[in-house]
>>> print(open('query_10.csv').read())   # CSV, C-alpha atoms and all ligand atoms
chain,number,residue,atom,x,y,z
E,1,MET,CA,119.6,68.8,162.0
E,2,SER,CA,121.3,72.2,161.8
E,3,GLU,CA,119.4,75.4,162.4
E,4,ASP,CA,117.9,77.1,159.4
E,5,GLN,CA,119.6,80.4,160.0
E,6,TYR,CA,120.2,82.6,157.0
E,7,ARG,CA,123.0,85.1,156.5
E,8,GLU,CA,123.4,87.7,153.8
E,9,PHE,CA,126.5,87.5,151.7
E,10,PRO,CA,128.2,90.2,149.5
E,11,CYS,CA,129.5,89.2,146.0
E,12,ASP,CA,131.8,86.3,146.4
E,13,ILE,CA,134.2,87.5,143.7
E,14,CYS,CA,134.5,91.3,144.1
E,15,GLY,CA,133.1,91.8,147.6
E,16,ALA,CA,130.6,94.5,146.5
E,17,ASP,CA,127.2,94.6,148.3
E,18,ASP,CA,124.9,96.3,145.8
E,19,PRO,CA,123.3,93.6,143.7
E,20,VAL,CA,120.3,93.8,141.4
E,21,GLU,CA,117.7,91.1,141.4
E,22,LEU,CA,117.9,88.7,138.4
E,23,PRO,CA,114.9,89.4,136.2
E,24,HIS,CA,112.1,86.8,136.4
E,25,SER,CA,114.0,84.6,138.8
E,26,ARG,CA,111.1,84.4,141.3
E,27,ASP,CA,108.9,83.1,138.5
E,28,TYR,CA,111.0,79.9,138.4
E,29,THR,CA,112.3,79.5,141.9
E,30,ASN,CA,109.1,79.5,144.0
E,31,ASP,CA,109.7,83.2,144.8
E,32,GLN,CA,113.3,82.9,145.9
E,33,PRO,CA,115.5,85.8,144.7
E,34,VAL,CA,118.8,85.3,142.8
E,35,HIS,CA,121.0,88.4,142.3
E,36,ILE,CA,123.5,89.9,139.9
E,37,CYS,CA,126.5,91.9,141.2
E,38,ARG,CA,126.4,95.4,139.6
E,39,ARG,CA,130.2,95.7,139.8
E,40,CYS,CA,131.4,92.4,138.3
E,41,GLY,CA,128.2,90.7,136.9
E,42,PHE,CA,128.5,87.6,139.1
E,43,VAL,CA,125.2,85.7,139.6
E,44,TYR,CA,124.8,84.6,143.2
E,45,VAL,CA,122.2,84.0,145.9
E,46,VAL,CA,122.5,86.5,148.7
E,47,ARG,CA,120.7,84.7,151.6
E,48,ARG,CA,122.4,81.4,152.5
E,49,ARG,CA,122.4,78.9,155.4
E,50,SER,CA,125.4,77.3,156.9
E,51,ALA,CA,127.7,75.1,154.7
E,52,GLU,CA,126.7,72.1,156.9
E,53,ARG,CA,123.0,72.8,156.4
E,54,ILE,CA,123.4,73.1,152.6
E,55,ALA,CA,125.3,69.8,152.4
E,56,GLU,CA,122.5,68.3,154.5
E,57,VAL,CA,119.8,69.7,152.1
E,58,TRP,CA,121.6,68.1,149.2
E,59,SER,CA,121.9,64.7,150.7
E,60,THR,CA,118.4,64.6,152.3
E,61,GLU,CA,116.0,66.9,150.5
E,62,ILE,CA,117.4,67.0,146.9
E,63,PHE,CA,119.2,63.8,146.3
E,64,GLY,CA,117.1,62.0,148.9
E,65,GLY,CA,119.3,58.9,148.7
E,66,THR,CA,118.1,58.2,145.2
E,67,TYR,CA,120.7,60.1,143.2
E,68,THR,CA,123.3,58.1,141.3
E,69,ALA,CA,126.0,59.2,138.9
E,70,ALA,CA,125.6,55.9,137.1
E,71,ILE,CA,123.7,57.3,134.1
E,72,PRO,CA,125.0,57.9,130.5
E,73,ALA,CA,124.9,61.7,130.7
E,74,VAL,CA,127.1,61.8,133.8
E,75,ALA,CA,129.5,59.2,132.4
E,76,ALA,CA,129.8,61.2,129.2
E,77,ARG,CA,130.6,64.5,131.0
E,78,LEU,CA,133.1,62.9,133.3
E,79,THR,CA,134.8,61.3,130.3
E,80,TYR,CA,134.9,64.7,128.6
E,81,VAL,CA,136.6,66.3,131.6
E,82,ALA,CA,139.1,63.5,131.9
E,83,GLU,CA,140.1,63.8,128.2
E,84,PHE,CA,140.2,67.6,128.4
E,85,LEU,CA,142.7,67.2,131.4
E,86,ALA,CA,144.6,64.5,129.5
E,87,THR,CA,145.1,66.8,126.5
E,88,THR,CA,146.0,70.0,128.5
E,89,VAL,CA,147.8,69.6,131.8
E,90,GLY,CA,148.0,65.7,131.7
E,91,LEU,CA,146.2,63.2,133.8
E,92,ASP,CA,148.3,60.0,133.2
E,93,GLY,CA,150.0,59.0,136.4
E,94,LYS,CA,149.1,62.2,138.2
E,95,ASN,CA,148.4,62.5,141.9
E,96,VAL,CA,144.7,63.7,141.8
E,97,ALA,CA,142.3,64.8,144.6
E,98,GLU,CA,138.6,65.4,144.0
E,99,ILE,CA,136.7,67.8,146.2
E,100,GLY,CA,133.2,66.4,146.4
E,101,ALA,CA,134.1,62.9,145.1
E,102,GLY,CA,130.6,61.6,145.3
E,103,GLU,CA,130.4,57.9,144.4
E,104,GLY,CA,133.9,58.0,143.0
E,105,ARG,CA,133.0,57.8,139.3
E,106,PHE,CA,135.6,60.3,138.2
E,107,LEU,CA,138.4,59.0,140.4
E,108,GLY,CA,137.7,55.4,139.5
E,109,MET,CA,138.1,56.4,135.8
E,110,ALA,CA,141.2,58.4,136.5
E,111,LYS,CA,142.7,55.4,138.3
E,112,THR,CA,141.9,52.7,135.8
E,113,ARG,CA,142.1,54.5,132.5
E,114,TYR,CA,144.9,57.0,133.3
E,115,ARG,CA,146.8,55.2,136.1
E,116,ALA,CA,146.4,58.2,138.3
E,117,SER,CA,146.9,58.1,142.1
E,118,VAL,CA,143.5,59.2,143.5
E,119,PHE,CA,142.1,60.7,146.7
E,120,GLY,CA,138.6,61.8,147.4
E,121,ILE,CA,137.3,64.4,149.8
E,122,GLU,CA,133.6,63.8,150.4
E,123,PRO,CA,131.3,65.1,153.2
E,124,SER,CA,128.5,62.4,152.7
E,125,ALA,CA,129.0,59.3,154.9
E,126,ALA,CA,126.9,57.2,152.5
E,127,ASN,CA,129.1,58.2,149.6
E,128,SER,CA,132.2,57.5,151.7
E,129,ARG,CA,131.1,53.9,152.1
E,130,LEU,CA,130.8,53.6,148.3
E,131,LEU,CA,134.3,55.1,148.0
E,132,SER,CA,135.6,52.5,150.4
E,133,ALA,CA,133.9,49.7,148.5
E,134,ALA,CA,135.5,51.0,145.3
E,135,GLY,CA,138.9,51.0,147.0
E,136,ILE,CA,139.3,54.8,146.7
E,137,PRO,CA,141.2,56.4,149.6
E,138,HIS,CA,139.3,59.4,150.9
E,139,TYR,CA,138.6,61.8,153.7
E,140,THR,CA,135.0,62.0,155.0
E,141,GLY,CA,134.3,65.7,155.6
E,142,THR,CA,134.5,69.1,153.9
E,143,ILE,CA,137.5,70.5,152.1
E,144,GLU,CA,137.9,73.2,154.7
E,145,ALA,CA,138.2,70.5,157.4
E,146,TYR,CA,140.5,68.4,155.3
E,147,VAL,CA,143.1,71.1,154.7
E,148,GLU,CA,143.2,71.8,158.5
E,149,SER,CA,143.4,68.1,159.4
E,150,GLY,CA,147.2,67.9,159.3
E,151,ASP,CA,147.1,65.1,156.7
E,152,SER,CA,150.6,64.8,155.1
E,153,ARG,CA,149.0,64.8,151.6
E,154,VAL,CA,147.8,68.4,151.9
E,155,GLY,CA,149.9,70.5,149.5
E,156,THR,CA,151.2,67.5,147.6
E,157,PHE,CA,148.7,66.9,144.8
E,158,ASP,CA,149.4,67.6,141.2
E,159,LEU,CA,145.8,68.2,140.4
E,160,ALA,CA,142.5,69.0,142.3
E,161,VAL,CA,139.2,68.6,140.5
E,162,VAL,CA,135.9,70.2,141.4
E,163,LEU,CA,133.2,68.7,139.1
E,164,TRP,CA,129.6,70.0,139.2
E,165,THR,CA,130.1,71.0,142.8
E,166,LEU,CA,131.4,74.6,143.0
E,167,GLU,CA,128.0,76.0,142.1
E,168,ASN,CA,126.3,74.0,144.9
E,169,CYS,CA,128.5,74.9,147.9
E,170,GLN,CA,127.9,77.7,150.4
E,171,ASP,CA,131.2,79.6,149.8
E,172,CYS,CA,132.9,79.1,146.4
E,173,LYS,CA,136.0,81.1,147.5
E,174,ALA,CA,136.5,78.9,150.5
E,175,MET,CA,136.3,75.8,148.3
E,176,LEU,CA,138.8,77.2,145.8
E,177,ARG,CA,141.2,78.3,148.5
E,178,GLY,CA,140.9,74.8,149.9
E,179,ALA,CA,141.8,73.5,146.4
E,180,HIS,CA,144.8,75.9,146.4
E,181,ARG,CA,146.1,74.4,149.6
E,182,LEU,CA,145.7,70.9,148.3
E,183,VAL,CA,147.9,71.2,145.3
E,184,LYS,CA,151.6,71.7,145.1
E,185,PRO,CA,153.2,74.8,143.5
E,186,GLY,CA,152.9,74.3,139.8
E,187,GLY,CA,149.9,72.1,140.3
E,188,ALA,CA,146.5,72.8,138.9
E,189,VAL,CA,142.8,72.8,139.6
E,190,ALA,CA,140.1,71.9,137.2
E,191,ILE,CA,136.5,73.2,137.6
E,192,ALA,CA,133.7,71.9,135.5
E,193,THR,CA,130.1,73.2,135.7
E,194,GLY,CA,126.9,73.1,133.8
E,195,SER,CA,125.8,76.4,135.2
E,196,ARG,CA,127.3,78.4,132.3
E,197,ILE,CA,125.7,81.7,131.2
E,198,LEU,CA,126.2,84.3,128.5
E,199,VAL,CA,126.0,81.4,125.9
E,200,PRO,CA,123.3,80.1,123.6
E,201,PHE,CA,120.4,78.8,125.7
E,202,LYS,CA,120.8,75.0,126.1
E,203,LYS,CA,117.6,74.4,128.0
E,204,PRO,CA,114.4,76.1,129.1
E,205,LEU,CA,114.8,78.5,132.0
E,206,HIS,CA,112.6,76.4,134.3
E,207,THR,CA,115.1,73.6,134.2
E,208,TYR,CA,117.9,76.0,134.9
E,209,LEU,CA,116.4,78.1,137.7
E,210,SER,CA,114.7,75.4,139.8
E,211,THR,CA,112.5,75.3,142.9
E,212,ILE,CA,115.1,73.6,145.0
E,213,PRO,CA,116.2,75.8,148.0
E,214,ALA,CA,118.0,78.7,146.3
E,215,ASP,CA,121.1,78.5,148.6
E,216,ALA,CA,121.7,74.9,147.4
E,217,ASN,CA,122.7,76.4,144.0
E,218,ALA,CA,124.1,79.7,145.1
E,219,PHE,CA,126.4,80.4,142.1
E,220,ARG,CA,126.1,80.6,138.3
E,221,PHE,CA,129.2,81.1,136.3
E,222,SER,CA,130.1,82.6,133.0
E,223,ALA,CA,133.5,82.0,131.4
E,224,ASN,CA,134.7,85.4,132.8
E,225,THR,CA,133.3,85.0,136.3
E,226,LEU,CA,134.7,81.4,136.7
E,227,ARG,CA,138.1,82.6,135.6
E,228,ALA,CA,137.8,85.5,138.0
E,229,ALA,CA,136.9,83.2,140.9
E,230,LEU,CA,140.0,81.2,140.2
E,231,THR,CA,142.2,84.3,139.9
E,232,VAL,CA,141.1,85.8,143.2
E,233,CYS,CA,141.8,82.5,144.9
E,234,GLY,CA,145.4,82.2,143.7
E,235,PHE,CA,145.1,80.4,140.4
E,236,ALA,CA,146.1,81.6,137.0
E,237,PRO,CA,143.5,80.5,134.4
E,238,ALA,CA,145.4,78.4,131.9
E,239,HIS,CA,142.9,76.4,129.8
E,240,ILE,CA,139.2,76.7,128.9
E,241,ASN,CA,137.2,74.3,126.9
E,242,ARG,CA,135.1,75.1,123.9
E,243,PHE,CA,132.1,76.0,126.0
E,244,ILE,CA,130.1,78.1,123.6
E,245,ASP,CA,128.4,75.1,121.9
E,246,HIS,CA,128.9,72.5,124.6
E,247,ASP,CA,126.9,71.9,127.8
E,248,ILE,CA,130.1,72.0,129.9
E,249,LEU,CA,132.2,74.9,131.0
E,250,CYS,CA,135.6,73.7,132.2
E,251,VAL,CA,138.4,75.9,133.3
E,252,ILE,CA,141.9,74.7,134.4
E,253,GLY,CA,143.9,77.1,136.6
E,254,THR,CA,147.5,76.7,137.6
E,255,HIS,CA,148.7,77.3,141.2
E,256,ALA,CA,150.1,80.9,141.1
E,257,ASP,CA,152.4,80.2,144.1
E,258,GLY,CA,152.0,83.5,145.9
E,259,ARG,CA,152.8,85.7,142.9
E,260,ALA,CA,151.0,89.0,142.7
E,261,THR,CA,147.3,88.4,141.9
E,262,PRO,CA,146.8,89.1,138.2
E,263,SER,CA,143.9,91.2,137.1
E,264,TRP,CA,140.6,89.7,136.2
E,265,GLN,CA,137.6,90.7,134.2
E,266,GLY,CA,134.0,90.1,135.2
E,267,ASP,CA,130.9,90.7,133.1
E,268,ASN,CA,128.8,93.8,132.5
E,269,TYR,CA,125.8,93.3,134.8
E,270,LEU,CA,123.5,94.8,132.2
E,271,ASP,CA,124.6,92.1,129.7
E,272,VAL,CA,123.8,89.4,132.3
E,273,TYR,CA,120.4,91.1,133.1
E,274,SER,CA,119.5,91.2,129.4
E,275,PHE,CA,120.7,87.6,128.9
E,276,PHE,CA,118.2,86.3,131.5
E,277,GLU,CA,115.4,88.6,130.1
E,278,ARG,CA,115.9,87.0,126.6
E,279,TRP,CA,116.1,83.5,128.1
E,280,HIS,CA,112.7,84.2,129.9
E,281,VAL,CA,111.1,85.3,126.6
E,282,ASP,CA,112.6,82.2,124.8
E,283,THR,CA,111.2,79.9,127.5
E,284,ALA,CA,107.8,81.6,127.5
E,285,MET,CA,107.6,81.1,123.7
E,286,TYR,CA,108.1,77.3,123.9
E,287,PHE,CA,106.8,76.5,127.3
E,288,PRO,CA,104.1,79.0,128.1
E,289,ASP,CA,102.6,76.8,130.8
E,290,ARG,CA,105.8,76.6,132.8
E,291,ILE,CA,106.0,80.3,133.8
E,292,GLY,CA,104.9,80.8,137.4
K,301,ZN,ZN,131.0,91.3,142.2
>>> encode(input="query_10.csv", output="structure tokens")
Amino acid sequence: MSEDQYREFPCDICGADDPVELPHSRDYTNDQPVHICRRCGFVYVVRRRSAERIAEVWSTEIFGGTYTAAIPAVAARLTYVAEFLATTVGLDGKNVAEIGAGEGRFLGMAKTRYRASVFGIEPSAANSRLLSAAGIPHYTGTIEAYVESGDSRVGTFDLAVVLWTLENCQDCKAMLRGAHRLVKPGGAVAIATGSRILVPFKKPLHTYLSTIPADANAFRFSANTLRAALTVCGFAPAHINRFIDHDILCVIGTHADGRATPSWQGDNYLDVYSFFERWHVDTAMYFPDRIG
């Protein structure tokens, strides 16, 4: 087991180090703070352990060996992402890598329904065995380790996908920079997340801010901050789904190929602060017993 040593992080998107605590977060997280960057409005967890320890927490403490993606809600959201890709940048016949391939549900679909060539990058040994059983070629390890591995496929993919994973890693910029090295110039990355904010409330706050270790869910994205994270990592945001009345926020960015980093826009942190205050009031109205 890795050591439980915490380090304090500045804002991942803009680098500022002057966050304000997200209102009421401690009521829902077993007293673990979540913060909002005052400069760009990004919602992030300041204190985090190592990437390896967070991966270990997910596989042992949170999933505990019982998680499976073989449920209708997961199948539905993966199908949605595949169709969104198919109707924007195209998925048919593409050379696709998934960062955090899990049990291979998405890649299996991409391979059979869209005739894609697929490759998984997956740190969990247990999931790697499932990928092998499903006949999906993969690398067992982190994206950071894979892009340094010397594998000849690095830099050759048409498309990298990061599905319900970016919000749960230790360093979202490191993961996106890894994605940038995976794809060829003109290629694309697709990020999908359920962590979307600054939208109508889709669920009570106690099922959004949970009591799992806060650093295992260190990031929460709005449409602006997800596009900003892509932009600062070398992608030009090209497509965004109709996220306002959908559970999924999905952004596709194209590899900017070293061109000057375009400007990006975050959120006003006071808007984010007010959003969570209103969400707390809404939750307290319907679920008064669930407030800590
Ligand atoms: Zn910031």
>>> atom_distance(input="query_10.csv", atom1="CA of Phe119 (chain E)", atom2="CA of Leu230 (chain E)")
21.6 Å
>>> residues_near_ligand(input="query_10.csv", ligand="ligand ZN 301 (chain K)", cutoff="9 Å", atoms="all atoms listed in the file", output="list of chain:residue names")
E:Pro10, E:Cys11, E:Asp12, E:Ile13, E:Cys14, E:Gly15, E:Ala16, E:Asp17, E:Asp18, E:Pro19, E:Ile36, E:Cys37, E:Arg38, E:Arg39, E:Cys40, E:Gly41, E:Phe42, E:Val43, E:Thr225, E:Gly266
>>> residues_near_point(input="query_10.csv", point="(151.2, 79.7, 143.8)", cutoff="10 Å", atoms="only C-alpha atoms", output="JSON list (two decimals) with C-alpha atoms, in the frame of the given file")
[["chain", "number", "residue", "atom", "x", "y", "z"],
["E", 180, "HIS", "CA", 144.80, 75.90, 146.40],
["E", 181, "ARG", "CA", 146.10, 74.40, 149.60],
["E", 183, "VAL", "CA", 147.90, 71.20, 145.30],
["E", 184, "LYS", "CA", 151.60, 71.70, 145.10],
["E", 185, "PRO", "CA", 153.20, 74.80, 143.50],
["E", 186, "GLY", "CA", 152.90, 74.30, 139.80],
["E", 187, "GLY", "CA", 149.90, 72.10, 140.30],
["E", 188, "ALA", "CA", 146.50, 72.80, 138.90],
["E", 233, "CYS", "CA", 141.80, 82.50, 144.90],
["E", 234, "GLY", "CA", 145.40, 82.20, 143.70],
["E", 235, "PHE", "CA", 145.10, 80.40, 140.40],
["E", 236, "ALA", "CA", 146.10, 81.60, 137.00],
["E", 254, "THR", "CA", 147.50, 76.70, 137.60],
["E", 255, "HIS", "CA", 148.70, 77.30, 141.20],
["E", 256, "ALA", "CA", 150.10, 80.90, 141.10],
["E", 257, "ASP", "CA", 152.40, 80.20, 144.10],
["E", 258, "GLY", "CA", 152.00, 83.50, 145.90],
["E", 259, "ARG", "CA", 152.80, 85.70, 142.90],
["E", 260, "ALA", "CA", 151.00, 89.00, 142.70],
["E", 261, "THR", "CA", 147.30, 88.40, 141.90]]
>>> closest_residue(input="query_10.csv", among="E:Phe157, E:Tyr28, E:Phe287, E:Phe63", to="Tyr208 (chain E)", atoms="all atoms listed in the file")
E:Tyr28
>>> atom_distance(input="query_10.csv", atom1="CA of Ser128 (chain E)", atom2="CA of Arg105 (chain E)")
12.4 Å
>>> closest_residue(input="query_10.csv", among="E:Val118, E:Leu205, E:Ile212, E:Leu163", to="Ile54 (chain E)", atoms="all atoms listed in the file")
E:Ile212
>>> atom_distance(input="query_10.csv", atom1="CA of Ala101 (chain E)", atom2="CA of Gly120 (chain E)")
5.2 Å
>>> closest_atom_pairs(input="query_10.csv", of="region 149-207 of chain E", to="region 72-80 of chain E", cutoff="12 Å", atoms="only C-alpha atoms", output="CSV")
residue,atom,partner,partner_atom,distance
E:Val161,CA,E:Leu78,CA,11.0
E:Val162,CA,E:Leu78,CA,11.3
E:Leu163,CA,E:Leu78,CA,8.2
E:Trp164,CA,E:Leu78,CA,9.9
E:Ile191,CA,E:Leu78,CA,11.7
E:Ala192,CA,E:Arg77,CA,9.2
E:Thr193,CA,E:Arg77,CA,9.9
E:Gly194,CA,E:Arg77,CA,9.8
